[in-house]
$ cat run31.txt   # compact mmCIF, C-alpha atoms
# COMPACT_ATOMS: atom_id res chain seq x y z
CA MET D 177 297.42 171.16 110.76
CA ALA D 178 296.82 173.35 113.82
CA LYS D 179 297.83 176.44 111.86
CA MET D 180 295.33 175.57 109.09
CA LEU D 181 292.44 175.14 111.61
CA ASN D 182 293.29 178.45 113.28
CA ALA D 183 293.35 180.18 109.92
CA PHE D 184 289.95 178.63 109.04
CA PHE D 185 288.26 179.79 112.26
CA VAL D 186 289.72 183.28 111.91
CA PHE D 187 288.40 183.48 108.36
CA THR D 188 284.87 182.33 109.25
CA VAL D 189 284.53 184.68 112.22
CA GLU D 190 285.79 187.64 110.24
CA ASP D 191 283.66 186.69 107.24
CA GLU D 192 280.46 186.68 109.29
CA LYS D 193 280.82 190.42 109.69
CA PHE D 194 280.15 190.83 105.97
CA LEU D 195 277.07 188.56 105.81
CA PRO D 196 273.83 190.51 105.03
CA THR D 197 271.43 191.00 107.94
CA PRO D 198 268.21 189.00 107.37
CA ALA D 199 265.18 191.18 106.64
CA PRO D 200 262.34 191.04 109.18
CA LEU D 201 259.50 188.70 108.20
CA ILE D 202 256.78 191.22 109.20
CA SER D 203 257.13 194.95 108.71
CA GLY D 204 256.03 197.54 111.22
CA GLY D 205 252.95 198.46 109.15
CA MET D 206 251.84 194.86 108.93
CA LEU D 207 252.22 194.49 112.70
CA LYS D 208 249.95 197.49 113.22
CA ASP D 209 247.32 196.02 110.86
CA LEU D 210 247.43 192.68 112.66
CA ASN D 211 247.08 194.35 116.03
CA ALA D 212 244.11 196.38 114.80
CA THR D 213 242.45 193.26 113.38
CA SER D 214 242.93 191.33 116.60
CA THR D 215 241.50 194.25 118.56
CA LYS D 216 238.40 194.30 116.34
CA ARG D 217 237.94 190.57 116.80
CA GLU D 218 238.18 190.96 120.54
CA ASN D 219 235.58 193.74 120.44
CA ARG D 220 233.26 191.58 118.27
CA SER D 221 232.83 188.94 120.94
CA VAL D 222 230.71 185.90 120.13
CA VAL D 223 227.26 185.84 121.74
CA THR D 224 226.92 183.04 124.32
CA GLU D 225 223.45 183.92 125.60
CA PHE D 226 220.38 185.90 124.60
CA ILE D 227 218.10 188.17 126.63
CA PHE D 228 214.32 188.16 126.04
CA THR D 229 212.73 191.61 126.12
CA GLY D 230 209.24 190.64 124.94
CA PHE D 231 207.37 191.56 128.12
CA SER D 232 209.93 193.94 129.62
CA CYS D 233 207.96 196.89 128.23
CA TYR D 234 205.11 195.97 130.59
CA PRO D 235 206.73 195.56 134.04
CA ASP D 236 203.46 196.22 135.90
CA LEU D 237 201.65 193.52 133.93
CA GLN D 238 204.16 190.71 134.35
CA ILE D 239 202.56 189.22 137.51
CA PRO D 240 198.99 189.40 136.10
CA LEU D 241 200.25 187.91 132.82
CA PHE D 242 201.96 185.13 134.77
CA VAL D 243 198.67 184.26 136.50
CA VAL D 244 196.60 184.38 133.29
CA PHE D 245 199.12 182.40 131.23
CA SER D 246 199.53 179.81 134.00
CA ILE D 247 195.77 179.20 134.11
CA MET D 248 195.64 178.93 130.32
CA TYR D 249 198.57 176.52 130.26
CA LEU D 250 197.00 174.27 132.91
CA ALA D 251 193.77 174.33 130.90
CA ILE D 252 195.70 173.34 127.74
CA LEU D 253 197.32 170.39 129.49
CA ALA D 254 194.08 169.28 131.17
CA GLY D 255 191.97 169.62 128.01
CA ASN D 256 194.38 167.78 125.71
CA ILE D 257 195.06 165.04 128.27
CA ILE D 258 191.29 164.49 128.67
CA ILE D 259 190.86 164.22 124.88
CA VAL D 260 193.75 161.76 124.46
CA THR D 261 192.60 159.64 127.43
CA THR D 262 188.95 159.63 126.31
CA ILE D 263 189.82 158.57 122.77
CA ARG D 264 192.05 155.75 124.00
CA ARG D 265 189.53 154.45 126.55
CA ASP D 266 186.41 154.55 124.38
CA SER D 267 186.39 151.91 121.62
CA SER D 268 183.73 153.80 119.64
CA LEU D 269 186.32 156.55 119.00
CA HIS D 270 188.91 154.16 117.57
CA ILE D 271 188.52 155.50 114.04
CA PRO D 272 191.00 157.51 111.91
CA MET D 273 189.38 160.89 112.64
CA TYR D 274 189.89 160.59 116.40
CA PHE D 275 193.24 158.85 116.02
CA PHE D 276 194.54 161.95 114.24
CA LEU D 277 192.88 164.17 116.85
CA SER D 278 194.66 162.35 119.69
CA VAL D 279 198.01 162.70 117.88
CA LEU D 280 197.33 166.41 117.28
CA SER D 281 196.50 166.91 120.97
CA SER D 282 199.73 165.16 122.00
CA SER D 283 201.71 167.30 119.57
CA GLU D 284 200.04 170.46 120.90
CA MET D 285 201.07 169.58 124.45
CA CYS D 286 204.70 169.10 123.38
CA TYR D 287 204.48 172.29 121.30
CA THR D 288 203.46 174.37 124.32
CA LEU D 289 205.88 172.57 126.65
CA VAL D 290 208.80 173.95 124.63
CA ILE D 291 207.80 177.60 125.15
CA ILE D 292 205.27 178.24 127.91
CA PRO D 293 207.12 176.98 131.05
CA ASN D 294 210.23 178.97 130.11
CA MET D 295 208.08 182.04 129.38
CA LEU D 296 206.35 181.75 132.80
CA VAL D 297 209.69 181.52 134.60
CA ASN D 298 211.01 184.55 132.69
CA LEU D 299 207.98 186.61 133.73
CA LEU D 300 209.14 186.25 137.34
CA ARG D 301 212.81 187.02 136.64
CA GLU D 302 214.42 190.43 136.41
CA LYS D 303 216.64 189.31 133.53
CA ALA D 304 215.16 186.74 131.16
CA THR D 305 218.15 184.96 129.62
CA ILE D 306 218.67 181.81 127.58
CA SER D 307 221.93 180.23 126.48
CA PHE D 308 222.91 180.02 122.81
CA ILE D 309 222.51 176.22 122.71
CA ALA D 310 219.21 176.28 124.61
CA CYS D 311 217.90 178.89 122.17
CA ALA D 312 218.82 176.67 119.22
CA ILE D 313 217.14 173.64 120.83
CA GLN D 314 214.02 175.65 121.63
CA MET D 315 213.67 176.95 118.08
CA TYR D 316 214.33 173.52 116.57
CA THR D 317 211.71 171.74 118.69
CA PHE D 318 209.16 174.56 118.42
CA LEU D 319 209.40 174.71 114.61
CA GLY D 320 209.41 170.91 114.44
CA PHE D 321 206.15 170.53 116.35
CA GLY D 322 204.68 173.58 114.57
CA GLY D 323 205.40 172.03 111.16
CA THR D 324 204.05 168.67 112.38
CA ASN D 325 200.79 170.34 113.45
CA CYS D 326 200.42 171.99 110.02
CA LEU D 327 200.82 168.67 108.26
CA LEU D 328 198.54 166.85 110.74
CA LEU D 329 195.78 169.38 110.03
CA THR D 330 196.30 168.68 106.31
CA VAL D 331 196.04 164.93 106.94
CA MET D 332 192.84 165.49 108.96
CA GLY D 333 191.41 167.46 106.03
CA TYR D 334 192.19 164.54 103.71
CA ASP D 335 190.52 162.18 106.18
CA ARG D 336 187.34 164.29 106.11
CA TYR D 337 187.46 164.34 102.30
CA VAL D 338 187.61 160.55 102.04
CA SER D 339 184.90 160.15 104.71
CA ILE D 340 182.38 162.47 103.01
CA CYS D 341 183.25 162.21 99.32
CA ARG D 342 184.14 158.49 99.24
CA PRO D 343 182.24 156.95 102.17
CA LEU D 344 182.16 153.41 100.73
CA HIS D 345 185.94 153.37 100.26
CA TYR D 346 186.68 155.01 103.62
CA PRO D 347 187.38 151.83 105.69
CA VAL D 348 189.66 150.46 102.97
CA VAL D 349 191.54 153.68 102.16
CA MET D 350 192.00 154.98 105.70
CA ASN D 351 193.31 151.76 107.22
CA GLN D 352 195.50 151.63 110.32
CA ARG D 353 198.70 151.24 108.34
CA LEU D 354 198.06 154.32 106.19
CA CYS D 355 197.06 156.39 109.24
CA THR D 356 200.30 155.47 111.02
CA GLU D 357 202.36 156.23 107.91
CA LEU D 358 200.69 159.65 107.54
CA VAL D 359 201.48 160.53 111.17
CA VAL D 360 205.10 159.40 110.80
CA PHE D 361 205.40 161.36 107.54
CA SER D 362 203.99 164.51 109.20
CA ALA D 363 206.41 164.33 112.14
CA THR D 364 209.43 163.46 110.01
CA THR D 365 208.77 166.20 107.46
CA GLY D 366 208.04 168.80 110.12
CA PHE D 367 211.29 168.16 111.98
CA LEU D 368 213.26 167.88 108.74
CA PHE D 369 212.21 171.40 107.77
CA SER D 370 213.04 172.50 111.32
CA VAL D 371 216.60 171.16 110.92
CA PHE D 372 217.11 173.28 107.78
CA ASP D 373 215.70 176.40 109.45
CA SER D 374 217.80 175.96 112.59
CA VAL D 375 221.02 175.31 110.66
CA PHE D 376 220.49 178.40 108.48
CA ILE D 377 219.83 180.62 111.51
CA PHE D 378 222.51 179.41 113.90
CA THR D 379 225.32 179.30 111.37
CA LEU D 380 224.97 183.09 111.04
CA PRO D 381 227.45 185.14 113.09
CA PHE D 382 226.01 186.60 116.32
CA CYS D 383 228.41 189.15 117.82
CA GLY D 384 226.05 191.47 119.70
CA PRO D 385 223.62 192.91 120.62
CA ASN D 386 221.99 189.88 122.21
CA LYS D 387 218.52 191.19 123.12
CA ILE D 388 215.69 189.27 121.42
CA ASN D 389 212.54 191.35 120.96
CA HIS D 390 210.32 188.39 121.75
CA PHE D 391 209.51 185.90 124.52
CA PHE D 392 211.04 182.88 122.78
CA CYS D 393 213.59 182.11 120.06
CA ASP D 394 211.91 182.62 116.69
CA LEU D 395 213.12 183.20 113.13
CA ALA D 396 212.53 186.93 112.56
CA PRO D 397 213.94 188.23 115.90
CA LEU D 398 217.09 186.13 115.51
CA LEU D 399 217.63 187.27 111.93
CA GLU D 400 217.58 190.85 113.20
CA LEU D 401 220.42 190.09 115.64
CA ALA D 402 222.76 188.48 113.09
CA CYS D 403 225.93 190.50 112.35
CA ALA D 404 225.94 189.53 108.69
CA ARG D 405 223.03 188.98 106.32
CA ASN D 406 222.85 185.80 104.30
CA TYR D 407 220.26 186.65 101.66
CA VAL D 408 220.37 183.19 100.10
CA ALA D 409 219.59 181.66 103.49
CA GLU D 410 216.74 184.11 104.03
CA ILE D 411 215.23 183.25 100.65
CA VAL D 412 215.52 179.53 101.43
CA LEU D 413 213.88 180.08 104.84
CA PHE D 414 211.01 181.96 103.22
CA LEU D 415 210.53 179.21 100.63
CA LEU D 416 210.50 176.56 103.35
CA CYS D 417 207.84 178.51 105.24
CA ILE D 418 205.77 178.79 102.07
CA LEU D 419 206.17 175.06 101.44
CA VAL D 420 205.02 174.07 104.94
CA ILE D 421 202.32 176.68 105.60
CA PHE D 422 200.92 177.70 102.22
CA VAL D 423 201.02 174.27 100.58
CA SER D 424 199.45 172.64 103.67
CA PHE D 425 196.69 175.23 103.77
CA PHE D 426 196.13 174.92 100.02
CA LEU D 427 195.67 171.15 100.34
CA VAL D 428 193.21 171.64 103.21
CA LEU D 429 191.32 174.22 101.15
CA LEU D 430 191.25 171.85 98.18
CA SER D 431 189.85 169.06 100.37
CA TYR D 432 187.08 171.35 101.63
CA LEU D 433 186.18 172.49 98.13
CA PHE D 434 185.49 168.84 97.21
CA ILE D 435 183.66 168.35 100.52
CA LEU D 436 181.48 171.42 99.90
CA ASN D 437 180.68 170.22 96.41
CA THR D 438 179.58 166.85 97.81
CA ILE D 439 177.54 168.38 100.66
CA LEU D 440 175.61 170.60 98.24
CA LYS D 441 174.52 167.46 96.34
CA ILE D 442 172.95 165.90 99.46
CA PRO D 443 169.15 166.26 99.03
CA THR D 444 168.08 166.58 102.69
CA THR D 445 168.87 169.45 105.05
CA ASP D 446 169.60 167.08 107.94
CA GLY D 447 172.10 165.21 105.79
CA LYS D 448 173.88 168.42 104.89
CA ARG D 449 173.95 169.52 108.54
CA LYS D 450 175.38 166.19 109.73
CA ALA D 451 178.05 166.17 107.02
CA PHE D 452 179.12 169.72 107.73
CA SER D 453 179.12 169.24 111.53
CA THR D 454 181.88 166.64 111.23
CA CYS D 455 184.10 169.27 109.53
CA ALA D 456 183.19 172.43 111.46
CA SER D 457 185.54 171.83 114.42
CA HIS D 458 188.49 171.06 112.17
CA LEU D 459 187.75 174.05 109.96
CA ILE D 460 187.76 176.48 112.92
CA VAL D 461 191.13 175.20 114.14
CA VAL D 462 192.57 175.34 110.60
CA VAL D 463 191.55 178.98 110.10
CA VAL D 464 193.04 180.13 113.43
CA HIS D 465 196.23 178.06 113.13
CA PHE D 466 197.11 178.88 109.52
CA GLY D 467 195.93 182.47 109.85
CA CYS D 468 198.36 183.23 112.69
CA ALA D 469 201.20 181.26 111.07
CA SER D 470 200.76 183.11 107.76
CA ILE D 471 200.86 186.53 109.42
CA ILE D 472 204.09 185.68 111.27
CA TYR D 473 206.08 183.71 108.68
CA LEU D 474 204.72 184.69 105.26
CA ARG D 475 205.46 188.40 105.23
CA PRO D 476 208.48 190.63 104.54
CA GLN D 477 210.92 191.02 107.43
CA SER D 478 210.69 194.81 107.09
CA ARG D 479 207.14 194.62 108.48
CA TYR D 480 208.32 192.98 111.70
CA THR D 481 206.87 194.84 114.72
CA LEU D 482 207.30 193.82 118.34
CA ASN D 483 203.85 194.51 119.78
CA GLU D 484 201.87 192.92 116.93
CA ASP D 485 204.11 189.85 116.82
CA ILE D 486 203.92 189.26 120.57
CA PHE D 487 200.11 189.40 120.47
CA ILE D 488 199.92 187.01 117.49
CA SER D 489 202.55 184.69 118.99
CA VAL D 490 200.57 184.48 122.24
CA THR D 491 197.56 183.57 120.10
CA TYR D 492 199.19 180.61 118.37
CA THR D 493 201.21 179.42 121.37
CA LEU D 494 198.42 179.65 123.97
CA VAL D 495 195.02 180.33 122.41
CA THR D 496 195.19 177.82 119.54
CA PRO D 497 196.29 174.83 121.69
CA LEU D 498 193.52 175.80 124.14
CA LEU D 499 191.03 176.12 121.29
CA ASN D 500 191.55 172.53 120.08
CA PRO D 501 190.11 170.68 123.11
CA VAL D 502 187.37 173.29 123.62
CA VAL D 503 186.17 173.18 120.02
CA TYR D 504 186.41 169.41 119.62
CA SER D 505 184.71 168.70 122.95
CA LEU D 506 181.90 171.27 122.66
CA ARG D 507 181.03 170.77 118.99
CA ASN D 508 181.56 167.02 118.70
CA LYS D 509 178.73 164.83 119.96
CA ASP D 510 180.80 161.63 119.87
CA VAL D 511 183.42 163.14 122.18
CA GLN D 512 180.69 164.49 124.47
CA VAL D 513 179.07 161.05 124.76
CA ALA D 514 182.44 159.41 125.42
CA LEU D 515 183.24 162.00 128.11
CA LYS D 516 179.90 161.35 129.82
CA LYS D 517 180.61 157.61 129.74
CA SER D 518 184.05 158.15 131.26
CA LEU D 519 182.63 160.42 133.98
CA GLY D 520 179.87 157.88 134.67
CA ARG D 521 182.38 155.06 135.02
CA SER D 522 184.58 157.06 137.38
CA THR D 523 181.54 158.00 139.51
CA CYS D 524 180.40 154.38 139.75
CA THR D 525 183.91 153.27 140.66
CA GLN D 526 184.08 155.84 143.48
CA LYS D 527 180.69 154.71 144.85
CA ILE D 528 181.77 151.07 144.85

$ encode --input "run31.txt" --output "structure tokens"
Amino acid sequence: MAKMLNAFFVFTVEDEKFLPTPAPLISGGMLKDLNATSTKRENRSVVTEFIFTGFSCYPDLQIPLFVVFSIMYLAILAGNIIIVTTIRRDSSLHIPMYFFLSVLSSSEMCYTLVIIPNMLVNLLREKATISFIACAIQMYTFLGFGGTNCLLLTVMGYDRYVSICRPLHYPVVMNQRLCTELVVFSATTGFLFSVFDSVFIFTLPFCGPNKINHFFCDLAPLLELACARNYVAEIVLFLLCILVIFVSFFLVLLSYLFILNTILKIPTTDGKRKAFSTCASHLIVVVVHFGCASIIYLRPQSRYTLNEDIFISVTYTLVTPLLNPVVYSLRNKDVQVALKKSLGRSTCTQKI
């Protein structure tokens, strides 16, 4: 038995010498390719933060711009807060027109809060940076409130149409329930479109450079930084912008065509003037708001220029929110009377 085991072990050991050597799983050429690929991936590092270069071209103007923009931002907050407070305190303004105006003023304050404070801080910093996640949040909230404002202006146009063209049906049609539903619809739709835009943008690969030629995270500057182009996503983004901006403006324009037709049928000049005065403030805000939005978002990306876009962006992020309280307070007699009442009450309270 022992002899047989010894013979077996001798055979197996000697036999192993003749077994074929296993071939390597990866050849030398494949190893070189893998090493080159890994090196490229290391060089194409993922962007974790962005740098704003919007005002870096004007280093001598950054302090004056900070002062001017700070004053404008304080005026925006003060003006919109006064409008919201006045409408809530005065019972004569508890009608759909001023309900929508108070919601628009609140939305404008949130709209500017997303961009302006961060822009003011960056004007005082040597390197204006923002993290990848913060950039996504900023763009999502900015586009959400921007879309909400577009739809609210459309709703306000419909309100003016019902008030002038169907005055007898106005209290029944524009009831509190419908007004609340229209506001909820505007906010929900605006932020729903913002979700689509943000997902399309931030699922693109960003591997450097990370300098945004703007002072906040917007669609066109971020598309320029993407490493790969997704043309389907860009077409969808453009269609969404058309749907929100162009369709909203078209509905406002349609409302005012019916309003104009009705005003022209009014026999007296005073009647025409009174009817048109209720729409003039809204019409001014609509023209400025949709005009700036159309220039920025409804044009080919090849026509993107830094200086023009910064000027227009400052207009619709600072001038338009400031224009709302100024226009509605100066041109609206009801708001002026309510403001005088509020000032009179506060003066009497201080004397007492």

$ residues_around --input "run31.txt" --residues "D:Ala451" --least-positions-apart "5" --cutoff "12 Å" --atoms "only C-alpha atoms" --output "list of chain:residue names"
D:Arg336, D:Tyr337, D:Ser339, D:Ile340, D:Cys341, D:Pro343, D:Tyr432, D:Ile435, D:Leu436, D:Asn437, D:Thr438, D:Ile439, D:Leu440, D:Lys441, D:Ile442, D:Pro443, D:Thr444, D:Thr445, D:Asp446, D:Ala456, D:Ser457

$ residues_around --input "run31.txt" --residues "D:Ala514" --least-positions-apart "5" --cutoff "10 Å" --atoms "only C-alpha atoms" --output "count of residues only"
12

$ atom_distance --input "run31.txt" --atom1 "atom CA of D:His390" --atom2 "atom CA of D:Phe231"
7.7 Å

$ atom_distance --input "run31.txt" --atom1 "atom CA of D:Tyr287" --atom2 "atom CA of D:Thr317"
7.7 Å

$ closest_residue --input "run31.txt" --among "D:Phe318, D:Phe382, D:Phe392, D:Phe245" --to "D:Ser283" --atoms "only C-alpha atoms"
D:Phe318

$ axis_aligned_box --input "run31.txt" --around "stretch 374-389 of chain D" --padding-each-side "8 Å" --output "AutoDock Vina command-line options"
--center_x 220.5 --center_y 184.1 --center_z 115.8 --size_x 31.9 --size_y 33.6 --size_z 30.6

$ closest_residue --input "run31.txt" --among "D:Pro235, D:Gly230, D:Gly322, D:Pro501" --to "D:Phe466" --atoms "all atoms listed in the file"
D:Gly322

$ residues_around --input "run31.txt" --residues "stretch 247-255 of chain D" --least-positions-apart "5" --cutoff "12 Å" --atoms "all atoms listed in the file" --output "ChimeraX atom specification"
/D:240-242,260-262,278,281-296,490-491,493-506,515

$ closest_residue --input "run31.txt" --among "D:Tyr492, D:Ser374, D:Tyr234, D:Val464" --to "D:Leu413" --atoms "only C-alpha atoms"
D:Ser374

$ atom_distance --input "run31.txt" --atom1 "atom CA of D:Lys516" --atom2 "atom CA of D:Ser246"
27.3 Å

$ closest_residue --input "run31.txt" --among "D:Phe372, D:Phe275, D:Phe487, D:Phe425" --to "D:Gly467" --atoms "only C-alpha atoms"
D:Phe425

$ residues_around --input "run31.txt" --residues "D:Gly333" --least-positions-apart "2" --cutoff "10 Å" --atoms "all atoms listed in the file" --output "JSON, numbers by chain"
{"D": [273, 327, 328, 329, 330, 331, 335, 336, 337, 338, 339, 424, 425, 427, 428, 429, 430, 431, 432, 435, 455, 458, 459, 462]}

$ residues_around --input "run31.txt" --residues "stretch 396-408 of chain D" --least-positions-apart "3" --cutoff "12 Å" --atoms "all atoms listed in the file" --output "ChimeraX atom specification"
/D:220-223,226-230,308,311-312,315,373-374,376-393,411-415,472-482,485-486

$ write_last_selection --input "run31.txt" --atoms "C-alpha atoms" --output "compact mmCIF listing (two decimals), in the frame of the given file"
# COMPACT_ATOMS: atom_id res chain seq x y z
CA ARG D 220 233.26 191.58 118.27
CA SER D 221 232.83 188.94 120.94
CA VAL D 222 230.71 185.90 120.13
CA VAL D 223 227.26 185.84 121.74
CA PHE D 226 220.38 185.90 124.60
CA ILE D 227 218.10 188.17 126.63
CA PHE D 228 214.32 188.16 126.04
CA THR D 229 212.73 191.61 126.12
CA GLY D 230 209.24 190.64 124.94
CA PHE D 308 222.91 180.02 122.81
CA CYS D 311 217.90 178.89 122.17
CA ALA D 312 218.82 176.67 119.22
CA MET D 315 213.67 176.95 118.08
CA ASP D 373 215.70 176.40 109.45
CA SER D 374 217.80 175.96 112.59
CA PHE D 376 220.49 178.40 108.48
CA ILE D 377 219.83 180.62 111.51
CA PHE D 378 222.51 179.41 113.90
CA THR D 379 225.32 179.30 111.37
CA LEU D 380 224.97 183.09 111.04
CA PRO D 381 227.45 185.14 113.09
CA PHE D 382 226.01 186.60 116.32
CA CYS D 383 228.41 189.15 117.82
CA GLY D 384 226.05 191.47 119.70
CA PRO D 385 223.62 192.91 120.62
CA ASN D 386 221.99 189.88 122.21
CA LYS D 387 218.52 191.19 123.12
CA ILE D 388 215.69 189.27 121.42
CA ASN D 389 212.54 191.35 120.96
CA HIS D 390 210.32 188.39 121.75
CA PHE D 391 209.51 185.90 124.52
CA PHE D 392 211.04 182.88 122.78
CA CYS D 393 213.59 182.11 120.06
CA ILE D 411 215.23 183.25 100.65
CA VAL D 412 215.52 179.53 101.43
CA LEU D 413 213.88 180.08 104.84
CA PHE D 414 211.01 181.96 103.22
CA LEU D 415 210.53 179.21 100.63
CA ILE D 472 204.09 185.68 111.27
CA TYR D 473 206.08 183.71 108.68
CA LEU D 474 204.72 184.69 105.26
CA ARG D 475 205.46 188.40 105.23
CA PRO D 476 208.48 190.63 104.54
CA GLN D 477 210.92 191.02 107.43
CA SER D 478 210.69 194.81 107.09
CA ARG D 479 207.14 194.62 108.48
CA TYR D 480 208.32 192.98 111.70
CA THR D 481 206.87 194.84 114.72
CA LEU D 482 207.30 193.82 118.34
CA ASP D 485 204.11 189.85 116.82
CA ILE D 486 203.92 189.26 120.57

$ closest_residue --input "run31.txt" --among "D:Thr305, D:Ile488, D:Pro272, D:Leu395" --to "D:Val349" --atoms "all atoms listed in the file"
D:Pro272

$ closest_residue --input "run31.txt" --among "D:Gln314, D:Leu299, D:Met332, D:Asn508" --to "D:Lys450" --atoms "all atoms listed in the file"
D:Asn508
